[in-house]
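Trainee: Structure file input38.txt (compact mmCIF, C-alpha atoms) is given on the next line.
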# COMPACT_ATOMS: atom_id res chain seq x y z
CA MET S 1 -24.07 -0.68 4.09
CA ARG S 2 -22.91 -3.18 6.72
CA LYS S 3 -20.05 -5.61 6.10
CA ASN S 4 -22.30 -8.69 5.79
CA ALA S 5 -24.38 -7.02 3.13
CA ILE S 6 -21.30 -6.04 1.13
CA VAL S 7 -19.93 -9.57 1.06
CA ARG S 8 -23.33 -11.10 0.22
CA ALA S 9 -23.68 -8.57 -2.59
CA ALA S 10 -20.23 -9.46 -3.86
CA ALA S 11 -21.17 -13.13 -3.85
CA VAL S 12 -24.35 -12.40 -5.80
CA ILE S 13 -22.33 -10.52 -8.43
CA SER S 14 -20.02 -13.52 -8.79
CA SER S 15 -23.06 -15.83 -9.14
CA LEU S 16 -24.52 -13.70 -11.91
CA ALA S 17 -21.14 -13.52 -13.61
CA LEU S 18 -20.84 -17.33 -13.51
CA LEU S 19 -24.24 -17.84 -15.14
CA THR S 20 -23.56 -15.24 -17.81
CA SER S 21 -20.12 -16.66 -18.56
CA VAL S 22 -21.45 -20.19 -19.03
CA ALA S 23 -24.17 -18.94 -21.35
CA ALA S 24 -21.58 -17.08 -23.40
CA CYS S 25 -19.28 -20.14 -23.66
CA GLY S 26 -16.37 -18.47 -21.87
CA ASP S 27 -16.81 -14.79 -22.78
CA ASN S 28 -16.22 -12.23 -20.05
CA PRO S 29 -19.24 -11.86 -17.77
CA ALA S 30 -21.49 -8.84 -17.78
CA THR S 31 -20.30 -6.45 -15.11
CA THR S 32 -21.48 -3.63 -12.91
CA SER S 33 -19.53 -1.09 -10.90
CA ASP S 34 -22.26 -0.88 -8.26
CA THR S 35 -21.48 -3.59 -5.71
CA GLY S 36 -24.84 -3.14 -4.02
CA SER S 37 -27.16 -3.33 -7.01
CA ALA S 38 -27.48 -7.11 -7.48
CA SER S 39 -30.98 -8.40 -6.79
CA ALA S 40 -30.72 -12.17 -7.37
CA SER S 41 -31.28 -14.33 -4.29
CA GLU S 42 -28.65 -17.00 -5.03
CA THR S 43 -25.25 -16.58 -3.42
CA VAL S 44 -21.91 -18.24 -4.14
CA THR S 45 -20.20 -20.06 -1.30
CA VAL S 46 -16.44 -19.94 -1.38
CA GLU S 47 -14.68 -22.94 0.09
CA GLY S 48 -11.03 -23.87 0.17
CA THR S 49 -7.66 -22.49 1.19
CA PHE S 50 -6.33 -19.45 -0.62
CA GLN S 51 -2.79 -18.10 -0.39
CA GLY S 52 -1.61 -14.53 -0.76
CA ALA S 53 1.77 -12.89 -0.15
CA GLY S 54 3.51 -9.56 -0.40
CA ALA S 55 3.66 -6.12 1.18
CA SER S 56 4.25 -6.13 4.92
CA SER S 57 2.64 -2.68 5.08
CA GLN S 58 -0.74 -4.32 4.42
CA SER S 59 -0.40 -6.88 7.25
CA SER S 60 -2.74 -5.26 9.79
CA ALA S 61 -5.29 -4.45 7.10
CA VAL S 62 -5.20 -7.97 5.65
CA GLU S 63 -5.81 -9.46 9.10
CA ALA S 64 -8.90 -7.26 9.45
CA TRP S 65 -10.06 -8.14 5.93
CA ILE S 66 -9.67 -11.87 6.60
CA ASP S 67 -11.79 -11.57 9.74
CA GLY S 68 -14.48 -9.65 7.87
CA PHE S 69 -14.55 -11.89 4.81
CA THR S 70 -14.50 -15.23 6.59
CA SER S 71 -17.28 -14.23 8.99
CA ASP S 72 -19.60 -14.58 5.98
CA GLN S 73 -17.54 -17.23 4.19
CA PRO S 74 -16.58 -19.67 6.98
CA GLY S 75 -15.59 -22.30 4.44
CA ALA S 76 -12.74 -20.11 3.18
CA THR S 77 -9.30 -20.19 4.77
CA ILE S 78 -7.07 -17.28 3.76
CA ASN S 79 -3.36 -17.08 4.47
CA TYR S 80 -1.17 -14.04 3.79
CA ASP S 81 2.61 -14.20 4.02
CA ALA S 82 4.04 -10.70 4.51
CA THR S 83 7.27 -11.43 2.65
CA GLY S 84 7.58 -7.92 1.17
CA SER S 85 6.33 -6.50 -2.12
CA GLY S 86 9.07 -7.86 -4.37
CA ALA S 87 8.93 -11.37 -2.96
CA GLY S 88 5.12 -11.37 -3.07
CA VAL S 89 4.96 -10.41 -6.73
CA LYS S 90 7.61 -13.02 -7.56
CA SER S 91 5.58 -15.67 -5.74
CA PHE S 92 2.43 -14.60 -7.61
CA LEU S 93 4.12 -14.72 -11.00
CA GLY S 94 5.43 -18.18 -10.11
CA GLY S 95 1.89 -19.41 -9.46
CA ASN S 96 2.45 -20.02 -5.74
CA VAL S 97 -0.27 -17.60 -4.54
CA VAL S 98 -3.56 -16.42 -6.03
CA TRP S 99 -2.99 -12.75 -5.32
CA ALA S 100 -0.17 -10.50 -4.14
CA GLY S 101 0.07 -7.26 -2.20
CA SER S 102 2.58 -4.72 -3.46
CA ASP S 103 3.54 -1.19 -2.44
CA ALA S 104 4.77 -0.62 -5.99
CA ALA S 105 2.78 -1.00 -9.17
CA LEU S 106 3.81 -3.80 -11.51
CA SER S 107 6.56 -2.99 -13.95
CA ASN S 108 5.70 -3.38 -17.61
CA ASP S 109 8.12 -6.32 -17.70
CA GLU S 110 6.24 -8.03 -14.85
CA VAL S 111 2.98 -7.54 -16.73
CA GLU S 112 4.53 -9.29 -19.72
CA GLN S 113 5.79 -12.13 -17.50
CA SER S 114 2.28 -12.65 -16.12
CA LYS S 115 1.12 -14.13 -19.44
CA SER S 116 2.47 -17.45 -18.19
CA ARG S 117 0.65 -17.02 -14.84
CA CYS S 118 -2.82 -15.94 -15.94
CA ALA S 119 -5.23 -18.03 -18.02
CA ASN S 120 -6.75 -17.42 -21.45
CA GLY S 121 -3.85 -15.29 -22.68
CA THR S 122 -4.61 -12.51 -20.19
CA THR S 123 -2.11 -10.45 -18.18
CA ALA S 124 -2.14 -9.52 -14.51
CA PHE S 125 -3.57 -6.24 -13.29
CA ASP S 126 -3.03 -4.18 -10.15
CA VAL S 127 -5.58 -2.05 -8.31
CA PRO S 128 -5.10 0.16 -5.23
CA VAL S 129 -6.53 -1.34 -2.05
CA TYR S 130 -4.58 0.33 0.76
CA ILE S 131 -3.65 4.01 1.07
CA SER S 132 -1.38 4.97 3.93
CA PRO S 133 1.11 7.63 4.94
CA ILE S 134 4.73 6.55 5.30
CA ALA S 135 5.90 7.75 8.68
CA ILE S 136 9.46 9.00 9.06
CA VAL S 137 10.16 7.63 12.52
CA TYR S 138 13.00 8.46 14.89
CA ASN S 139 14.16 7.46 18.36
CA LEU S 140 15.18 10.35 20.59
CA SER S 141 13.47 9.12 23.75
CA ASP S 142 16.39 10.15 25.97
CA ALA S 143 15.84 13.73 24.77
CA GLY S 144 12.10 13.50 25.48
CA LEU S 145 11.19 13.73 21.79
CA ASN S 146 9.42 10.38 21.32
CA GLY S 147 5.67 9.86 21.38
CA ALA S 148 2.67 9.92 19.07
CA ASP S 149 2.27 13.66 19.65
CA LYS S 150 5.96 14.50 19.22
CA HIS S 151 7.12 15.76 15.82
CA LEU S 152 10.36 17.23 14.54
CA GLN S 153 9.89 19.59 11.60
CA LEU S 154 11.95 18.71 8.53
CA SER S 155 11.94 19.76 4.88
CA ALA S 156 12.42 17.29 2.05
CA ASP S 157 15.92 18.66 1.46
CA THR S 158 16.95 18.03 5.07
CA ILE S 159 15.39 14.55 5.07
CA ALA S 160 17.25 13.64 1.87
CA LYS S 161 20.58 14.77 3.31
CA ILE S 162 20.00 12.82 6.52
CA PHE S 163 19.27 9.57 4.68
CA ASP S 164 22.20 10.11 2.33
CA GLY S 165 24.62 10.60 5.22
CA LYS S 166 25.29 14.28 4.49
CA ILE S 167 23.76 15.45 7.79
CA THR S 168 25.18 13.31 10.58
CA LYS S 169 24.25 14.99 13.89
CA TRP S 170 20.83 15.74 15.38
CA ASN S 171 21.97 19.22 16.40
CA ASP S 172 23.12 20.07 12.86
CA ASP S 173 22.39 23.69 11.94
CA ALA S 174 19.91 22.63 9.23
CA ILE S 175 17.78 20.69 11.72
CA LYS S 176 18.10 23.42 14.37
CA ALA S 177 16.90 26.05 11.89
CA GLU S 178 13.66 24.13 11.32
CA ASN S 179 13.17 23.39 15.02
CA PRO S 180 14.24 26.59 16.84
CA ASP S 181 12.35 25.79 20.04
CA VAL S 182 13.61 22.21 20.42
CA ASP S 183 16.60 21.22 22.53
CA LEU S 184 18.27 18.88 20.07
CA PRO S 185 20.90 16.44 21.38
CA ASP S 186 24.53 16.32 20.27
CA LEU S 187 24.02 12.79 18.99
CA ALA S 188 24.98 10.91 15.84
CA ILE S 189 22.20 10.11 13.33
CA THR S 190 21.85 6.51 12.15
CA PRO S 191 19.51 6.13 9.15
CA VAL S 192 17.73 2.76 8.97
CA TYR S 193 16.53 1.55 5.57
CA ARG S 194 14.83 -1.55 4.17
CA SER S 195 17.39 -4.20 3.27
CA ASP S 196 14.87 -6.23 1.26
CA LYS S 197 13.21 -5.32 -2.03
CA SER S 198 10.41 -3.01 -0.94
CA GLY S 199 7.64 -0.94 -2.47
CA THR S 200 7.74 1.29 0.60
CA THR S 201 11.37 2.05 -0.25
CA LYS S 202 10.40 2.99 -3.80
CA ASN S 203 7.60 5.28 -2.61
CA PHE S 204 9.89 6.95 -0.07
CA GLN S 205 12.54 7.51 -2.73
CA ASN S 206 9.90 8.87 -5.11
CA TYR S 207 9.13 11.49 -2.48
CA LEU S 208 12.80 12.37 -1.98
CA SER S 209 13.58 12.60 -5.70
CA GLN S 210 10.49 14.67 -6.52
CA ALA S 211 10.53 16.99 -3.51
CA ALA S 212 14.32 17.34 -3.15
CA PRO S 213 15.81 16.57 -6.59
CA ASP S 214 19.05 18.46 -5.93
CA SER S 215 19.78 16.51 -2.75
CA TRP S 216 18.48 13.04 -3.72
CA THR S 217 19.97 12.14 -7.09
CA TYR S 218 19.41 8.37 -7.06
CA ASP S 219 16.89 6.76 -9.39
CA PRO S 220 13.96 5.55 -7.25
CA GLY S 221 13.64 1.80 -6.98
CA GLU S 222 12.61 -0.99 -4.65
CA ASN S 223 16.19 -1.47 -3.46
CA TRP S 224 17.90 1.10 -1.22
CA PRO S 225 20.72 2.85 -3.12
CA GLY S 226 22.56 4.75 -0.40
CA LYS S 227 25.48 3.66 1.77
CA ALA S 228 24.77 5.53 5.02
CA GLY S 229 23.19 3.81 7.98
CA GLN S 230 22.05 0.21 8.41
CA GLY S 231 19.55 -2.09 6.72
CA ALA S 232 16.69 -4.06 8.26
CA ALA S 233 14.30 -6.52 6.65
CA LYS S 234 10.59 -5.72 6.31
CA THR S 235 8.57 -3.06 8.10
CA SER S 236 8.90 -4.88 11.41
CA GLY S 237 12.68 -4.95 11.09
CA VAL S 238 12.92 -1.20 10.50
CA ILE S 239 10.67 -0.42 13.47
CA SER S 240 12.63 -2.82 15.67
CA ALA S 241 16.00 -1.32 14.67
CA VAL S 242 14.81 2.25 15.26
CA SER S 243 13.22 1.32 18.58
CA GLN S 244 16.36 -0.30 19.94
CA ALA S 245 18.89 2.50 19.47
CA GLN S 246 19.03 6.21 20.26
CA GLY S 247 19.60 8.56 17.33
CA THR S 248 18.10 6.29 14.68
CA ILE S 249 15.71 7.41 11.96
CA GLY S 250 13.79 5.28 9.46
CA TYR S 251 10.70 5.06 7.28
CA ALA S 252 7.77 2.67 7.62
CA ASP S 253 4.05 2.33 7.13
CA ALA S 254 2.48 4.72 9.62
CA SER S 255 0.39 1.97 11.22
CA GLN S 256 3.60 0.65 12.80
CA ALA S 257 4.96 3.95 14.19
CA GLY S 258 3.85 3.17 17.74
CA GLY S 259 5.44 5.38 20.38
CA LEU S 260 8.34 6.59 18.25
CA GLY S 261 8.69 10.24 17.29
CA THR S 262 7.63 11.16 13.76
CA VAL S 263 8.54 13.92 11.33
CA ALA S 264 6.16 16.70 10.33
CA VAL S 265 7.07 17.27 6.66
CA LYS S 266 7.35 20.72 5.14
CA VAL S 267 4.68 21.33 2.49
CA GLY S 268 4.66 24.83 1.08
CA ASP S 269 5.18 27.12 4.07
CA SER S 270 3.75 24.70 6.66
CA TYR S 271 4.82 21.49 8.40
CA VAL S 272 2.32 18.65 8.16
CA PRO S 273 2.35 15.56 10.43
CA TYR S 274 1.10 12.32 8.94
CA SER S 275 -2.58 11.41 9.08
CA ALA S 276 -5.00 9.38 7.00
CA ASP S 277 -6.85 12.53 5.86
CA ALA S 278 -3.61 14.27 4.87
CA ALA S 279 -2.52 11.24 2.84
CA ALA S 280 -5.90 10.97 1.12
CA LYS S 281 -5.61 14.58 -0.07
CA VAL S 282 -2.50 13.72 -2.07
CA VAL S 283 -3.98 10.58 -3.64
CA ASP S 284 -7.24 12.22 -4.71
CA ALA S 285 -5.31 15.09 -6.32
CA SER S 286 -2.91 12.78 -8.20
CA PRO S 287 -3.47 11.61 -11.81
CA MET S 288 -3.55 8.09 -13.20
CA ASP S 289 -0.27 6.78 -14.63
CA ASP S 290 -0.84 6.54 -18.38
CA SER S 291 2.48 4.76 -18.90
CA ALA S 292 1.23 1.58 -17.21
CA THR S 293 0.75 -1.04 -19.93
CA GLY S 294 -1.79 -3.87 -19.80
CA ASP S 295 -5.54 -4.15 -19.37
CA ASN S 296 -7.60 -3.34 -16.26
CA ARG S 297 -4.74 -1.64 -14.39
CA VAL S 298 -5.47 1.28 -12.05
CA VAL S 299 -2.10 2.86 -11.23
CA ILE S 300 -1.86 6.22 -9.48
CA LYS S 301 0.97 8.64 -10.22
CA ILE S 302 1.39 10.24 -6.81
CA ASP S 303 2.34 13.91 -6.72
CA HIS S 304 4.93 13.75 -3.93
CA ALA S 305 6.00 17.33 -4.57
CA THR S 306 2.53 18.73 -3.90
CA THR S 307 2.12 22.07 -2.15
CA THR S 308 -1.56 21.46 -1.39
CA ASP S 309 -2.44 22.87 2.02
CA GLY S 310 -2.75 20.14 4.64
CA ALA S 311 -1.50 17.34 2.37
CA TYR S 312 1.08 14.80 3.58
CA PRO S 313 3.21 13.88 0.55
CA VAL S 314 5.13 10.88 1.93
CA VAL S 315 2.45 8.37 1.06
CA LEU S 316 2.16 4.92 -0.39
CA VAL S 317 -0.61 3.38 -2.42
CA SER S 318 -0.46 -0.37 -1.97
CA TYR S 319 -1.93 -2.59 -4.65
CA ALA S 320 -3.55 -5.98 -4.98
CA VAL S 321 -2.16 -7.93 -7.93
CA ALA S 322 -4.42 -10.50 -9.56
CA CYS S 323 -5.34 -12.22 -12.83
CA PRO S 324 -8.42 -11.51 -14.94
CA ALA S 325 -8.67 -15.28 -15.50
CA TYR S 326 -7.41 -18.33 -13.61
CA ASP S 327 -7.10 -21.99 -14.58
CA ASP S 328 -8.99 -22.85 -11.39
CA THR S 329 -12.51 -21.39 -11.41
CA ASN S 330 -12.65 -21.53 -7.61
CA ASP S 331 -9.59 -19.27 -7.43
CA ALA S 332 -11.23 -16.78 -9.79
CA THR S 333 -14.45 -16.74 -7.78
CA PHE S 334 -12.54 -16.22 -4.55
CA VAL S 335 -10.34 -13.42 -5.89
CA ARG S 336 -13.31 -11.56 -7.36
CA GLN S 337 -15.27 -11.71 -4.11
CA TRP S 338 -12.21 -11.03 -1.95
CA LEU S 339 -11.21 -7.91 -3.87
CA THR S 340 -14.82 -6.71 -3.98
CA TYR S 341 -14.98 -6.90 -0.19
CA ILE S 342 -11.64 -5.25 0.60
CA VAL S 343 -12.33 -2.21 -1.60
CA SER S 344 -15.92 -1.85 -0.35
CA ALA S 345 -16.76 0.92 2.08
CA ASP S 346 -16.86 -1.60 4.93
CA GLY S 347 -13.60 -3.25 3.90
CA GLN S 348 -11.83 0.08 3.67
CA GLN S 349 -13.20 1.10 7.06
CA ALA S 350 -11.99 -2.17 8.57
CA ALA S 351 -8.49 -1.36 7.30
CA ALA S 352 -8.73 2.19 8.63
CA ASP S 353 -9.77 0.93 12.07
CA ALA S 354 -6.99 -1.67 12.17
CA ALA S 355 -4.14 0.22 10.51
CA GLY S 356 -5.03 3.90 10.36
CA SER S 357 -5.13 3.86 6.57
CA ALA S 358 -7.12 6.28 4.42
CA PRO S 359 -10.33 4.84 2.93
CA MET S 360 -10.45 5.29 -0.84
CA SER S 361 -12.89 7.75 -2.35
CA ASP S 362 -16.07 6.64 -4.13
CA THR S 363 -14.60 7.93 -7.40
CA LEU S 364 -11.52 5.73 -7.09
CA ARG S 365 -13.62 2.75 -5.95
CA GLU S 366 -15.71 2.97 -9.12
CA LYS S 367 -12.56 2.73 -11.28
CA VAL S 368 -11.25 -0.19 -9.27
CA MET S 369 -14.53 -2.11 -9.41
CA THR S 370 -14.50 -1.94 -13.21
CA SER S 371 -11.28 -3.97 -13.13
CA ILE S 372 -12.48 -6.40 -10.46
CA ASN S 373 -15.71 -7.05 -12.33
CA ALA S 374 -13.68 -8.08 -15.37
CA ILE S 375 -12.42 -11.20 -13.57
CA GLN S 376 -13.74 -14.26 -15.41
CA THR S 377 -15.34 -16.67 -12.97
CA ALA S 378 -15.95 -19.46 -15.50
When written as structure tokens, how does the structure in this file appear?

Mentor:
Amino acid sequence: MRKNAIVRAAAVISSLALLTSVAACGDNPATTSDTGSASASETVTVEGTFQGAGASSQSSAVEAWIDGFTSDQPGATINYDATGSGAGVKSFLGGNVVWAGSDAALSNDEVEQSKSRCANGTTAFDVPVYISPIAIVYNLSDAGLNGADKHLQLSADTIAKIFDGKITKWNDDAIKAENPDVDLPDLAITPVYRSDKSGTTKNFQNYLSQAAPDSWTYDPGENWPGKAGQGAAKTSGVISAVSQAQGTIGYADASQAGGLGTVAVKVGDSYVPYSADAAAKVVDASPMDDSATGDNRVVIKIDHATTTDGAYPVVLVSYAVACPAYDDTNDATFVRQWLTYIVSADGQQAAADAAGSAPMSDTLREKVMTSINAIQTA
């Protein structure tokens, strides 16, 4: 189905939901998980300016989504401020934006706080919209080890020790053992981490704590816990810091890796470089998180310690955070249509083309659409 058809279908669904809701005097509208099955001819035109904020990892994807959505809804102006996951969720809960992007699922406390943000006594929900590998990037250009096709092989244990300041030289015996054919420089390692509250940081730490529990003993969170290295704000800051100095190593959404070298991560007996397909393997094999409280939430419990052949375990699932009901009906109509488009096959392909992300599976899309269809448009 082409992009235009997806968005028109989404608009039709919103139109039907509006009519049903009015007839039911405010009850939730009838829903369908098939975004292409609506047959009514009337469409809903979205007009106005709509603000979003949050995860910088989603920036390239959001730009592509805005282009796709507004080509069929020229009356809509959409702005997204890539302030980082924590700041975006805070702005959403404060009522400053209509949706947020976050590389970490909402905490149960944030769900409780959202009662004051969402209408009709409802609480916010989060659904996955962007699946991407987290690249472990390094700058060893003087040693000829940079480039999209250049990968150092590292196990989770070695990665954890590097970022915790326990391995401090690139020619350390542990790194040499995993890269016997590489001429590694006698150069100090400088880890670069996110200085701001970041869902990417939490996902990266989840990988370290699950795959190397003896070497990474910190509790995973959105703030960096270690003392080694230097901090940089947002994805762009990490990439900039790594790019400017020899011997640096950091972590960032893979779409921003550029010409830096990247790590092929040990999984089982093999080393796997990042790719969209390798990241998707982990997500599809991971269960839902049953500990997530609140209605309509689709939260994935990623198995970062997987030994699945060909899987890349350093992966983030980035969410859209929204309300099932808004005080402003126009906001509700926009959010429902916006989310319907970005999780559609065309929306996911637009993100893949722009950012190298992994399109979600049809099975996951069906779960997500159940939540999106629960948005009350009147």

Trainee: Find the residues near Ala211 (chain S): any atom within 8 Å, counting all atoms listed in the file, skip ones fewer than 4 places away on the same chain, and give them as a list in words.

Mentor: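 Surrounding residues, per the criterion: Ala156, Asp157, Tyr207, His304 and Ala305 of chain S.
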
Trainee: Restricting the calculation to all atoms listed in the file, which member of S:Leu106, S:Ile66, S:Val242, S:Ala188 is positioned closest to Val89 (chain S)?

Mentor: S:Leu106

Trainee: Between CA of Ala212 (chain S) and CA of Ile167 (chain S), what is the distance in Å, rounded to a tenth?

Mentor: 14.6 Å

Trainee: For region 269-312 of chain S versus region 355-360 of chain S, which residues have an atom no more than 12 Å away, and what is each residue's nearest atom pair and distance in Å rounded to one decimal, using only C-alpha atoms, chain-then-number order, as JSON lines?

Mentor:
{"residue": "S:Tyr274", "atom": "CA", "partner": "S:Gly356", "partner_atom": "CA", "distance": 10.5}
{"residue": "S:Ser275", "atom": "CA", "partner": "S:Gly356", "partner_atom": "CA", "distance": 8.0}
{"residue": "S:Ala276", "atom": "CA", "partner": "S:Ala358", "partner_atom": "CA", "distance": 4.6}
{"residue": "S:Asp277", "atom": "CA", "partner": "S:Ala358", "partner_atom": "CA", "distance": 6.4}
{"residue": "S:Ala278", "atom": "CA", "partner": "S:Ala358", "partner_atom": "CA", "distance": 8.7}
{"residue": "S:Ala279", "atom": "CA", "partner": "S:Ala358", "partner_atom": "CA", "distance": 6.9}
{"residue": "S:Ala280", "atom": "CA", "partner": "S:Ala358", "partner_atom": "CA", "distance": 5.9}
{"residue": "S:Lys281", "atom": "CA", "partner": "S:Ala358", "partner_atom": "CA", "distance": 9.6}
{"residue": "S:Val282", "atom": "CA", "partner": "S:Ala358", "partner_atom": "CA", "distance": 10.9}
{"residue": "S:Val283", "atom": "CA", "partner": "S:Met360", "partner_atom": "CA", "distance": 8.8}
{"residue": "S:Asp284", "atom": "CA", "partner": "S:Met360", "partner_atom": "CA", "distance": 8.6}
{"residue": "S:Tyr312", "atom": "CA", "partner": "S:Ala358", "partner_atom": "CA", "distance": 11.9}

Trainee: Kindly give the distance, in Å, that separates CA of Thr333 (chain S) and CA of Asp289 (chain S), rounded to a single decimal.

Mentor: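 Separation of CA of Thr333 (chain S) and CA of Asp289 (chain S): 28.3 Å.
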
Trainee: I need the residue nearest Asp331 (chain S) from this list: S:Asp173, S:Gln58, S:Asn223, S:Thr377. Use only C-alpha atoms for the distance.

Mentor: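 Of S:Asp173, S:Gln58, S:Asn223, S:Thr377, the one nearest Asp331 (chain S) is S:Thr377, counting only C-alpha atoms.
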
Trainee: Need the shell around Pro225 (chain S): protein/DNA/RNA residues with any atom at most 10 Å away, counting only C-alpha atoms. Skip same-chain ones fewer than 6 positions apart. Format as a PDB file with C-alpha atoms, keeping the file's coordinate frame?

Mentor:
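And here's result.pdb as it stands now:
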ATOM      1  CA  ASP S 164      22.200  10.110   2.330  1.00  0.00           C
ATOM      2  CA  TYR S 193      16.530   1.550   5.570  1.00  0.00           C
ATOM      3  CA  THR S 201      11.370   2.050  -0.250  1.00  0.00           C
ATOM      4  CA  GLN S 205      12.540   7.510  -2.730  1.00  0.00           C
ATOM      5  CA  TYR S 218      19.410   8.370  -7.060  1.00  0.00           C
ATOM      6  CA  ASP S 219      16.890   6.760  -9.390  1.00  0.00           C
TER       7      ASP S 219
END

Trainee: Which polymer residues have any atom within 12 Å of an atom of Leu145 (chain S), counting only C-alpha atoms, with same-chain residues fewer than 3 positions away left out, as number ranges by chain?

Mentor: S: 137-142, 148-153, 170, 179, 182-185, 246-247, 259-263

Trainee: Pull the closest atom pair for each residue of region 279-332 of chain S that gets at most 10 Å from region 250-254 of chain S, along with the distance in Å to one decimal, counting all atoms listed in the file, ordering rows by chain and then ascending residue number, as CSV.

Mentor:
residue,atom,partner,partner_atom,distance
S:Val314,CA,S:Tyr251,CA,9.7
S:Val315,CA,S:Asp253,CA,8.7
S:Leu316,CA,S:Asp253,CA,8.2

Trainee: In the coordinates of the file, take the point (11.6, -7.2, 6.6) and a cut-off of 8 Å; then, counting all atoms listed in the file, name each qualifying protein, DNA or RNA residue as number ranges by chain.

Mentor: S: 56, 83-84, 194-196, 232-238

Trainee: Have a look at S:Val44, S:Ile300, S:Ala160, S:Ile249 and name the one nearest to Leu208 (chain S); count only C-alpha atoms.

Mentor: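 For Leu208 (chain S), the nearest of the given residues is S:Ala160.
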
Trainee: Please provide the set of residues having any atom within 12 Å of Val335 (chain S), restricted to all atoms listed in the file, with same-chain residues fewer than 5 positions apart removed, written as a ChimeraX atom specification.

Mentor: /S:10-11,14,46,49-52,69,76,78,97-100,320-326,328-330,340-342,371-377

Trainee: Go ahead and compute the interatomic distance for CA of Asn108 (chain S) and CA of Val299 (chain S), in Å to one decimal.

Mentor: 11.9 Å

Trainee: Once 4 Å is added on each side, what are the centre and the three edge lengths, in Å to one decimal, of the axis-aligned box enclosing the listed atoms of region 252-265 of chain S? Present them as JSON.

Mentor:
{"center_x": 4.5, "center_y": 9.0, "center_z": 13.5, "size_x": 16.3, "size_y": 24.6, "size_z": 21.7}

Trainee: Sorted by chain and rising residue number, list the residues of region 26-119 of chain S at most 10 Å from region 125-133 of chain S (counting all atoms listed in the file), each with its closest atom pair and distance in Å to one decimal, as a Markdown table.

Mentor:
| residue | atom | partner | partner_atom | distance |
| --- | --- | --- | --- | --- |
| S:Ser57 | CA | S:Ser132 | CA | 8.7 |
| S:Gln58 | CA | S:Tyr130 | CA | 7.1 |
| S:Ala61 | CA | S:Tyr130 | CA | 8.0 |
| S:Val62 | CA | S:Tyr130 | CA | 9.7 |
| S:Trp99 | CA | S:Asp126 | CA | 9.8 |
| S:Ala100 | CA | S:Asp126 | CA | 9.2 |
| S:Gly101 | CA | S:Val129 | CA | 8.9 |
| S:Ser102 | CA | S:Asp126 | CA | 8.7 |
| S:Asp103 | CA | S:Tyr130 | CA | 8.9 |
| S:Ala104 | CA | S:Asp126 | CA | 9.5 |
| S:Ala105 | CA | S:Asp126 | CA | 6.7 |
| S:Leu106 | CA | S:Asp126 | CA | 7.0 |
| S:Val111 | CA | S:Phe125 | CA | 7.5 |
| S:Ser114 | CA | S:Phe125 | CA | 9.1 |
